[in-house]
Every structure is written in C-alpha cells, then in structure tokens.
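Chemist: Quick one: the structure is below, questions incoming.
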Amino acid sequence: MKKALIPLCGLLGLLTACQEEIPMVSLGIDDAYAIERMKALTLHPEFPGERYEWYLQDKQGADSLVSTERDYTFISAYTGLYRLKLHIIDAANPLEHNVNITVWEEEVAYSRYIATVHEYRPAPGQFVNQLPQYQEGDTEENMRQKAEEYISGTNNRAISLGGYGGYVTFGFDHTVVNVPGEKDFKILGNAFYGSSGLQSGGSAEPGIVMVSFDSNGNGIPDDEWYELAGSEYHKPETRHRYAITYLRPAADHVPTPIKGTAITDSSYIRWDDNDGNTGYIARNSFHSQEYFPQWLTDEQLTFTGTRLADNAVDESGTGSYYVLNAYDWGYADNHPNDAEEKISFDIAWAVDADGNQIHLPGADFIRVYTGVNQQCGWVGEISTEITGAEDLHVIDYSATAP
C-alpha cells in the first residue's frame with residue numbers, strides 16, 4: 001500500500017493552522033551552560049505550571065531535590081560538570097527538561113579576604129572616631145574607605161561598631177557560596193577568654209551577623225537581609241524587632257562625673273528604646289574624644305534589629321571588675337580568633353524577619369552589628385570590634401607556600 005503524500009503547501013497550511021490553535025511557548029532555558037565557579041546562574045522557565053521541582057544530581061548519581069520555586073539560582077564553589085533536571089508539574093502540559101552546567105576555574109584567582117566595605121555606620125561608643133581614626137573634615141565616604149583599609153585583605157586592624165546597633169557591611173570579590181553541610185565564612189574580632197581559659201569568661205562583645213544575596217545583580221547591598229540565627233536567637237530573653245535612638249549631646253551639655261571612678265560623664269549620650277527605656281553611653285577618662293560619629297550630621301541615630309540579653313557580669317559587685325561572657329555560637333567578636341569553629345558561620349542559618357528558615361544560594365553582602373545594649377561601668381559599653389573576614393571555600397595559596 002502506498003503512503004499518502006501531503007503536498008508541501010498543504011503541510012505548511014496544516015502547520016500554520018495548528019500554530020494558530022496551539023501557541024508555541026519557549027521554555028527559556030538552554031540545554032547547557034558554562035560558568036565560572038562562585039558565579040550565580042539564575043534559570044527562569046517561561047513555561048507555566050502548577051508546581052516546579054528542580055533536581056541536582058549528587059556525586060552518587062542520585063537526583064536530589066534542591067528547589068520547588070519557579071526560578072532556580074545555581075552556584076558552585078567547585079569546578080566540574082553538574083546535571084540539573086527540571087520537572088514542571090501541570091495537569092495539561094507537564095514537562096521535564098535536563099540541563100548540563102559546566103563550572104570552570106576563574107581566570108583571576110579569587111581572594112579569601114574582604115575586598116570591599118560598603119557601609120560603615122557605628123553607634124556612639126568609646127572607640128568611635130578612633131577605630132578608624134576620624135580627622136576633621138572627613139566625610140562618610142572617607143570613613144568608609146578607612147574602615148575598608150583597616151579590615152580588607154590581611155590588614156587585620158580593628159574597627160569599632162560602637163554601642164548597640166552600630167554596623168559595618170562588607171563583601172568579597174565573589175559570592176560566598178552556601179555549601180551544604182559546611183561552614184561558609186569566618187569573621188575575626190578581638191574577643192578573648194579569661195585567665196582561667198574558660199569559654200564562658202573573658203571579653204566577648206557579640207555582634208549579630210546578617211547576609212544578603214545580590215538577587216537584582218546591581219552590585220550594591222539593597223536586596224533583602226537575613227539574620228543568621230545563632231545560639232540565642234530562639235531564647236525568650238532575646239528581643240526581636242528592637243529599636244534604639246541615640247541623641248547627640250547638646251553643645252552646652254554639662255558632664256556628670258562619678259566621683260572616685262574613671263567615668264567622667266555618666267549622662268553623656270542619651271538613648272531611648274522602643275521598650276520605653278532610657279539610658280546613657282557614659283564617657284570615661286581613657287577615651288577623651290567625642291563618642292558620637294563626628295562625620296555624621298544627624299542629631300539622632302536610630303538602629304533596629306535583634307537585641308541579645310546582657311552578657312557582662314559585675315563580678316566585683318562594685319562596678320570595678322566585669323566579665324563579658326561568650327555566647328555559644330553564631331556571633332562575631334564572641335570567641336577568640338583561634339577558636340575557628342566558634343567564629344565560623346553557615347549561610348544555611350539564615351532566617352527571615354519572622355524567624356522562618358530561608359535558603360540562599362550564597363551571600364554577596366555580610367553585615368555585622370553590635371547585638372548587646374549594656375554599659376559596664378568604667379569598662380564602657382559593649383561594642384563589637386571587627387578585624388577581618390575570610391571565605392572558607394577559597395584557599396589562600398600564599399599562606400601555604402613554603
């Protein structure tokens with residue numbers, strides 16, 4: 001039996017009619033991609049569906065579900081071939097699509113260390129205007145640059161964030177990848193244990209850590225921020241959605257020293273918080289410079305975030321000897337720099353403003369702010385200090401060279 005032949009013109013007409021009845025929709029995703037490691041690749045399927053499931057093949061060849069969102073951002077800290085599978089679940093038009101992603105080594109090696117300080121905005125404190133050093137006429141940009149010089153690369157010089165809420169925002173020359181099951185970066189400070197060597201004693205000034213992924217790709221920290229939930233996050237004594245406002249001292253302010261102590265002005269910089277409390281950042285004889293950031297023209301500074309419970313204990317009972325206890329994990333300037341496990345952070349700890357766990361492919365921006373609002377007599381306020389940070393997934397070959 002002879003096969004029926006459809007004339008070309010008839011076939012074209014049939015296809016045209018079909019196309020008019022069933023619109024063709026492009027998936028919008030290629031079969032293969034090639035990217036540098038630590039670079040983000042966001043895939044957006046144009047094909048509609050009721051649900052989306054993304055699977056990534058693991059080292060054993062098994063498919064592991066990595067996302068149920070419509071868009072999926074792939075990023076890897078390691079080179080190799082990665083096999084990704086998309087299932088679009090839809091009663092009318094289900095679809096499966098495979099994607100091969102080749103990740104290669106970057107042409108110019110990434111640095112393990114901080115590359116950029118994006119913002120430096122401390123709260124008032126006894127080391128502010130000293131770490132880094134303010135000079136008359138310095139602007140906010142000048143002080144940002146100084147903070148960057150202090151903590152970028154291997155410089156390891158301390159910057160102070162002042163009292164509660166003061167912060168610094170920094171980033172690397174690449175995205176810090178959220179590697180499953182691993183700590184991703186560490187933050188260096190100047191905390192130390194007491195003479196007994198106990199982790200609970202010494203000088204710990206815990207700073208809360210936040211991360212942000214550059215989802216809009218503009219290179220500036222204007223995307224959503226997420227807190228890394230440390231050991232104290234879910235404890236009842238931790239105050240979420242805390243706010244504090246510091247008032248610049250008036251030009252005619254009269255100091256109120258405490259006789260027989262190093263405190264030269266116990267009512268120096270007033271603060272008010274959203275719990276109805278009022279207090280002061282006291283001035284002491286060890287630091288005679290202005291404590292309010294002198295490069296800022298604001299008469300008031302307001303900071304918001306999570307407030308940790310007071311961690312300093314007056315062991316003397318007279319205000320002469322304070323021990324600043326460390327929290328267990330998840331805070332900057334909380335343990336000494338040689339306690340690497342305690343000063344390292346996992347992006348998987350990220351939570352949103354309501355405490356819900358959030359999955360981020362990585363962090364382009366990291367923010368640290370002083371998490372405790374406590375005055376410790378002549379010792380001064382609790383103020384987080386930062387000396388640097390490192391991406392734990394980047395090897396510093398210069399440090400391992402013979």
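Residues in the structure tokens are numbered from 1 in each chain, the chains being A, B, ... in the order shown, and ligands are numbered from 1 in the order shown.
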Name the residues in contact with segment 150-165 of chain A at a cut-off of 7 Å, using only C-alpha atoms, excluding same-chain residues fewer than 5 positions from it; report them as a ChimeraX atom specification.
Modeler: /A:113-116,122-125,127-128,131-132,303-304,369-373,381-388
Chemist: Tell me which protein, DNA and RNA residues are within 12 Å of Glu136 of chain A, counting only C-alpha atoms, leaving out same-chain ones fewer than 4 positions away, and put them as a list in words.
Modeler: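 In the requested format, the answer is Asn129, Glu140, Asn142, Met143, Glu290, Pro293, Gln294, Trp295 and Leu296 of chain A.
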Chemist: Write to file, as a compact mmCIF listing (two decimals), in the first residue's frame, the residues of the selection just made, with C-alpha atoms.
Modeler:
# COMPACT_ATOMS: atom_id res chain seq x y z
CA ASN A 129 36.35 58.30 65.97
CA GLU A 140 31.04 59.34 55.45
CA ASN A 142 36.24 58.95 53.84
CA MET A 143 35.38 56.87 56.89
CA GLU A 290 33.87 62.62 71.06
CA PRO A 293 30.36 59.75 64.99
CA GLN A 294 31.71 63.16 64.03
CA TRP A 295 31.42 62.72 60.27
CA LEU A 296 27.64 62.38 60.51
Chemist: Would you return as a list of chain:residue names the members of segment 237-390 of chain A that DSSP assigns to helix (DSSP H, G or I) on this structure's backbone?
Modeler: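 Matching residues for helix (DSSP H, G or I) in segment 237-390 of chain A are A:Glu340, A:Glu341, A:Lys342, A:Ile343, A:Ile347, A:Ala348, A:Trp349, A:Gly377, A:Trp378, A:Val379.
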Chemist: Would you pick out the contacts of Tyr52 of chain A at 8 Å or less, using only C-alpha atoms, so that residues sharing its chain but fewer than 4 positions from it are not included, and give the list as a PyMOL selection string?
Modeler: chain A and resi 67-70+86-89
Chemist: Write out as a list in words which residues come within 7 Å of segment 309-317 of chain A when counting only C-alpha atoms, dropping same-chain ones fewer than 4 positions away.
Modeler: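 The residues satisfying every condition are Glu237, Thr238, Tyr321, Tyr322, Val323, Leu324, Asn325, Val372, Asn373 and Gln374 of chain A.
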Chemist: Show me, as a compact mmCIF listing (two decimals) with N, CA and C atoms, in the first residue's frame, the residues that have an atom within 12 Å of segment 53-55 of chain A when counting only C-alpha atoms, minus same-chain residues fewer than 5 positions from it.
Modeler:
# COMPACT_ATOMS: atom_id res chain seq x y z
N LEU A 43 17.98 30.54 36.51
CA LEU A 43 17.19 29.94 35.44
C LEU A 43 15.71 30.24 35.69
N HIS A 44 15.07 30.76 34.65
CA HIS A 44 13.65 31.13 34.75
C HIS A 44 12.86 30.45 33.64
N PRO A 45 12.08 29.42 33.94
CA PRO A 45 11.27 28.76 32.91
C PRO A 45 10.08 29.63 32.51
N GLY A 61 25.18 9.96 41.80
CA GLY A 61 24.33 9.85 40.63
C GLY A 61 22.85 9.90 40.93
N ALA A 62 22.50 10.16 42.18
CA ALA A 62 21.09 10.24 42.56
C ALA A 62 20.60 11.68 42.45
N ASP A 63 19.34 11.84 42.05
CA ASP A 63 18.75 13.16 41.95
C ASP A 63 18.29 13.64 43.32
N SER A 64 18.70 14.86 43.68
CA SER A 64 18.33 15.44 44.97
C SER A 64 17.52 16.70 44.73
N LEU A 65 16.36 16.78 45.37
CA LEU A 65 15.50 17.95 45.21
C LEU A 65 16.17 19.16 45.86
N VAL A 66 16.37 20.23 45.06
CA VAL A 66 17.06 21.40 45.58
C VAL A 66 16.17 22.64 45.64
N SER A 67 15.03 22.63 44.94
CA SER A 67 14.14 23.79 45.00
C SER A 67 12.77 23.43 44.46
N THR A 68 11.76 24.10 44.99
CA THR A 68 10.40 23.98 44.47
C THR A 68 9.87 25.34 44.01
N GLU A 69 10.79 26.32 43.88
CA GLU A 69 10.42 27.63 43.37
C GLU A 69 10.47 27.62 41.84
N ARG A 70 9.77 28.56 41.23
CA ARG A 70 9.79 28.63 39.77
C ARG A 70 11.20 28.96 39.26
N ASP A 71 11.84 29.95 39.86
CA ASP A 71 13.21 30.31 39.48
C ASP A 71 14.20 29.55 40.36
N TYR A 72 15.30 29.15 39.74
CA TYR A 72 16.34 28.45 40.50
C TYR A 72 17.68 29.11 40.20
N THR A 73 18.42 29.43 41.25
CA THR A 73 19.76 30.00 41.09
C THR A 73 20.79 28.94 41.43
N PHE A 74 21.62 28.64 40.46
CA PHE A 74 22.69 27.65 40.64
C PHE A 74 24.00 28.39 40.87
N TYR A 82 27.82 19.53 36.29
CA TYR A 82 26.64 19.37 37.15
C TYR A 82 25.42 19.11 36.28
N ARG A 83 24.62 18.14 36.68
CA ARG A 83 23.43 17.76 35.92
C ARG A 83 22.18 18.17 36.71
N LEU A 84 21.41 19.03 36.07
CA LEU A 84 20.23 19.60 36.69
C LEU A 84 19.00 19.14 35.92
N LYS A 85 17.92 18.87 36.64
CA LYS A 85 16.68 18.42 36.00
C LYS A 85 15.52 19.25 36.52
N LEU A 86 14.70 19.73 35.58
CA LEU A 86 13.51 20.49 35.94
C LEU A 86 12.26 19.69 35.61
N HIS A 87 11.37 19.55 36.60
CA HIS A 87 10.05 18.98 36.38
C HIS A 87 9.03 20.10 36.53
N ILE A 88 8.30 20.37 35.47
CA ILE A 88 7.16 21.27 35.57
C ILE A 88 5.92 20.41 35.68
N ILE A 89 5.27 20.49 36.82
CA ILE A 89 4.12 19.64 37.09
C ILE A 89 2.85 20.42 36.75
N ASP A 90 2.15 19.92 35.76
CA ASP A 90 0.96 20.61 35.28
C ASP A 90 0.02 19.58 34.66
N PRO A 94 2.54 18.86 31.36
CA PRO A 94 3.73 18.53 32.17
C PRO A 94 4.98 18.54 31.30
N LEU A 95 6.12 18.81 31.93
CA LEU A 95 7.35 18.91 31.15
C LEU A 95 8.54 18.51 32.00
N GLU A 96 9.52 17.89 31.37
CA GLU A 96 10.79 17.57 32.02
C GLU A 96 11.91 18.09 31.13
N HIS A 97 12.88 18.75 31.75
CA HIS A 97 13.98 19.34 30.98
C HIS A 97 15.29 19.13 31.72
N ASN A 98 16.31 18.67 30.99
CA ASN A 98 17.63 18.42 31.56
C ASN A 98 18.60 19.53 31.16
N VAL A 99 19.41 19.93 32.11
CA VAL A 99 20.39 20.98 31.88
C VAL A 99 21.76 20.51 32.39
N ASN A 100 22.77 20.65 31.56
CA ASN A 100 24.15 20.37 31.96
C ASN A 100 24.86 21.70 32.21
Chemist: To one decimal place, how far is atom CA of Gln130 of chain A from atom CA of Phe286 of chain A in Å?
Modeler: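 Atom-to-atom, atom CA of Gln130 of chain A to atom CA of Phe286 of chain A, that is 12.1 Å.
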Chemist: Between segment 272-368 of chain A and segment 170-180 of chain A, at 7 Å or less, what are the per-residue closest atom pairs and their distances in Å? Count only C-alpha atoms, order by chain and rising residue number, and return it as CSV.
Modeler:
residue,atom,partner,partner_atom,distance
A:Ile347,CA,A:Asn178,CA,5.6
A:Ala348,CA,A:Asn178,CA,6.8
A:Leu360,CA,A:Asn178,CA,6.9
A:Pro361,CA,A:Asn178,CA,5.5
A:Gly362,CA,A:Val177,CA,4.3
A:Ala363,CA,A:Val176,CA,5.1
A:Asp364,CA,A:Thr175,CA,4.8
A:Phe365,CA,A:Gly171,CA,4.9
A:Ile366,CA,A:Phe170,CA,5.5
A:Arg367,CA,A:Phe170,CA,6.5
Chemist: Using the selection just defined, write its residues with C-alpha atoms as a PDB file, in the first residue's frame.
Modeler:
ATOM      1  CA  ILE A 347      24.649  30.721  55.421  1.00  0.00           C
ATOM      2  CA  ALA A 348      22.102  27.935  55.994  1.00  0.00           C
ATOM      3  CA  LEU A 360      20.075  31.394  49.909  1.00  0.00           C
ATOM      4  CA  PRO A 361      22.440  30.197  47.156  1.00  0.00           C
ATOM      5  CA  GLY A 362      25.149  32.355  48.660  1.00  0.00           C
ATOM      6  CA  ALA A 363      25.971  35.716  50.235  1.00  0.00           C
ATOM      7  CA  ASP A 364      27.251  38.747  48.348  1.00  0.00           C
ATOM      8  CA  PHE A 365      26.998  41.080  51.325  1.00  0.00           C
ATOM      9  CA  ILE A 366      27.623  40.483  55.027  1.00  0.00           C
ATOM     10  CA  ARG A 367      26.608  42.850  57.809  1.00  0.00           C
TER      11      ARG A 367
END
Chemist: Find the residue from A:Glu119, A:Glu299, A:Asp333, A:Asp184 that sits nearest to Gly207 of chain A; use only C-alpha atoms when measuring.
Modeler: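 Answer, going by the shortest atom-to-atom distance: A:Asp333.
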Chemist: What separation in Å, quoted to one decimal, exists between atom CA of Ile244 of chain A and atom CA of Asp352 of chain A?
Modeler: 20.7 Å
Chemist: Can you tell me which residues surround Arg144 of chain A at a distance of at most 9 Å, considering only C-alpha atoms, apart from same-chain residues fewer than 4 positions away, and format the answer as a compact mmCIF listing (two decimals) with N, CA and C atoms, in the first residue's frame?
Modeler:
# COMPACT_ATOMS: atom_id res chain seq x y z
N VAL A 117 34.35 47.36 51.77
CA VAL A 117 33.42 47.79 52.81
C VAL A 117 32.40 48.69 52.13
N HIS A 118 31.14 48.29 52.17
CA HIS A 118 30.08 49.05 51.51
C HIS A 118 29.52 50.14 52.40
N GLU A 119 29.44 49.87 53.70
CA GLU A 119 28.89 50.84 54.65
C GLU A 119 29.62 50.72 55.98
N TYR A 120 29.86 51.85 56.60
CA TYR A 120 30.37 51.85 57.97
C TYR A 120 29.57 52.89 58.74
N ARG A 121 28.73 52.44 59.63
CA ARG A 121 27.85 53.34 60.39
C ARG A 121 27.78 52.86 61.85
N THR A 139 34.44 62.81 55.59
CA THR A 139 33.05 62.55 55.24
C THR A 139 32.72 61.08 55.51
N GLU A 140 31.45 60.73 55.29
CA GLU A 140 31.04 59.34 55.45
C GLU A 140 31.82 58.45 54.48
N GLU A 148 37.52 50.23 55.26
CA GLU A 148 37.93 49.23 54.26
C GLU A 148 39.43 48.97 54.35
N GLU A 149 40.21 50.01 54.52
CA GLU A 149 41.65 49.84 54.66
C GLU A 149 42.00 49.03 55.91
Chemist: Excluding segment 353-356 of chain A and any residue of its chain fewer than 6 positions from it, enumerate the residues within 12 Å of it, using only C-alpha atoms, and give them as a list in words.
Modeler: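 Contacts, in chain order: Met210, Glu224, Trp225, Tyr226, Glu227, Leu228, Ala229, Gly230, Tyr233, His234, His240, Arg241, Tyr242, Thr304, Gly305 and Thr306 of chain A.
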Chemist: Atoms to include: N, CA and C atoms. Write the selected residues as a JSON list (two decimals), in the first residue's frame.
Modeler:
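The result, written out as part21.json:
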[["chain", "number", "residue", "atom", "x", "y", "z"],
["A", 210, "MET", "N", 24.33, 39.27, 59.58],
["A", 210, "MET", "CA", 23.27, 39.19, 58.58],
["A", 210, "MET", "C", 23.91, 38.98, 57.21],
["A", 224, "GLU", "N", 17.11, 41.99, 50.06],
["A", 224, "GLU", "CA", 16.62, 41.57, 51.36],
["A", 224, "GLU", "C", 17.76, 41.07, 52.25],
["A", 225, "TRP", "N", 17.69, 41.43, 53.54],
["A", 225, "TRP", "CA", 18.67, 40.98, 54.51],
["A", 225, "TRP", "C", 18.08, 39.88, 55.39],
["A", 226, "TYR", "N", 18.94, 38.92, 55.77],
["A", 226, "TYR", "CA", 18.51, 37.81, 56.61],
["A", 226, "TYR", "C", 19.50, 37.62, 57.75],
["A", 227, "GLU", "N", 18.97, 37.44, 58.95],
["A", 227, "GLU", "CA", 19.82, 37.21, 60.11],
["A", 227, "GLU", "C", 20.27, 35.76, 60.15],
["A", 228, "LEU", "N", 21.52, 35.54, 60.53],
["A", 228, "LEU", "CA", 21.99, 34.18, 60.81],
["A", 228, "LEU", "C", 21.62, 33.88, 62.26],
["A", 229, "ALA", "N", 20.72, 32.93, 62.44],
["A", 229, "ALA", "CA", 20.19, 32.63, 63.77],
["A", 229, "ALA", "C", 21.22, 31.86, 64.59],
["A", 230, "GLY", "N", 21.83, 32.54, 65.55],
["A", 230, "GLY", "CA", 22.82, 31.91, 66.41],
["A", 230, "GLY", "C", 22.17, 31.22, 67.59],
["A", 233, "TYR", "N", 19.10, 32.94, 69.36],
["A", 233, "TYR", "CA", 18.01, 33.50, 68.56],
["A", 233, "TYR", "C", 16.63, 33.15, 69.10],
["A", 234, "HIS", "N", 16.42, 31.89, 69.48],
["A", 234, "HIS", "CA", 15.08, 31.43, 69.89],
["A", 234, "HIS", "C", 14.86, 31.49, 71.40],
["A", 240, "HIS", "N", 13.43, 40.54, 69.72],
["A", 240, "HIS", "CA", 13.38, 40.79, 68.29],
["A", 240, "HIS", "C", 12.63, 42.10, 68.01],
["A", 241, "ARG", "N", 12.94, 42.69, 66.86],
["A", 241, "ARG", "CA", 12.33, 43.97, 66.46],
["A", 241, "ARG", "C", 12.59, 45.06, 67.52],
["A", 242, "TYR", "N", 13.81, 45.09, 67.98],
["A", 242, "TYR", "CA", 14.23, 46.10, 68.94],
["A", 242, "TYR", "C", 14.67, 47.35, 68.18],
["A", 304, "THR", "N", 17.85, 49.38, 64.38],
["A", 304, "THR", "CA", 16.86, 48.35, 64.68],
["A", 304, "THR", "C", 17.46, 46.98, 64.44],
["A", 305, "GLY", "N", 16.90, 45.97, 65.12],
["A", 305, "GLY", "CA", 17.39, 44.60, 64.91],
["A", 305, "GLY", "C", 16.99, 43.70, 66.07],
["A", 306, "THR", "N", 17.81, 42.70, 66.27],
["A", 306, "THR", "CA", 17.63, 41.76, 67.38],
["A", 306, "THR", "C", 18.56, 42.17, 68.52]]
Chemist: From a backbone DSSP assignment, name each residue in segment 227-337 of chain A labelled strand (DSSP E), as a PyMOL selection string.
Modeler: chain A and resi 227-228+239-247+263-273+278-284+300-307+312-314+322-324
Chemist: Measure the distance from atom CA of Thr256 of chain A to atom CA of Asp275 of chain A in Å and round it to one decimal.
Modeler: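 Interatomic distance here is 25.3 Å.
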Chemist: Can you work out which one of A:Pro206, A:Gly377, A:Gly189, A:Gly217 has the shortest atom-to-atom distance to Tyr280 of chain A, counting only C-alpha atoms?
Modeler: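 Smallest distance to Tyr280 of chain A is found for A:Gly377.
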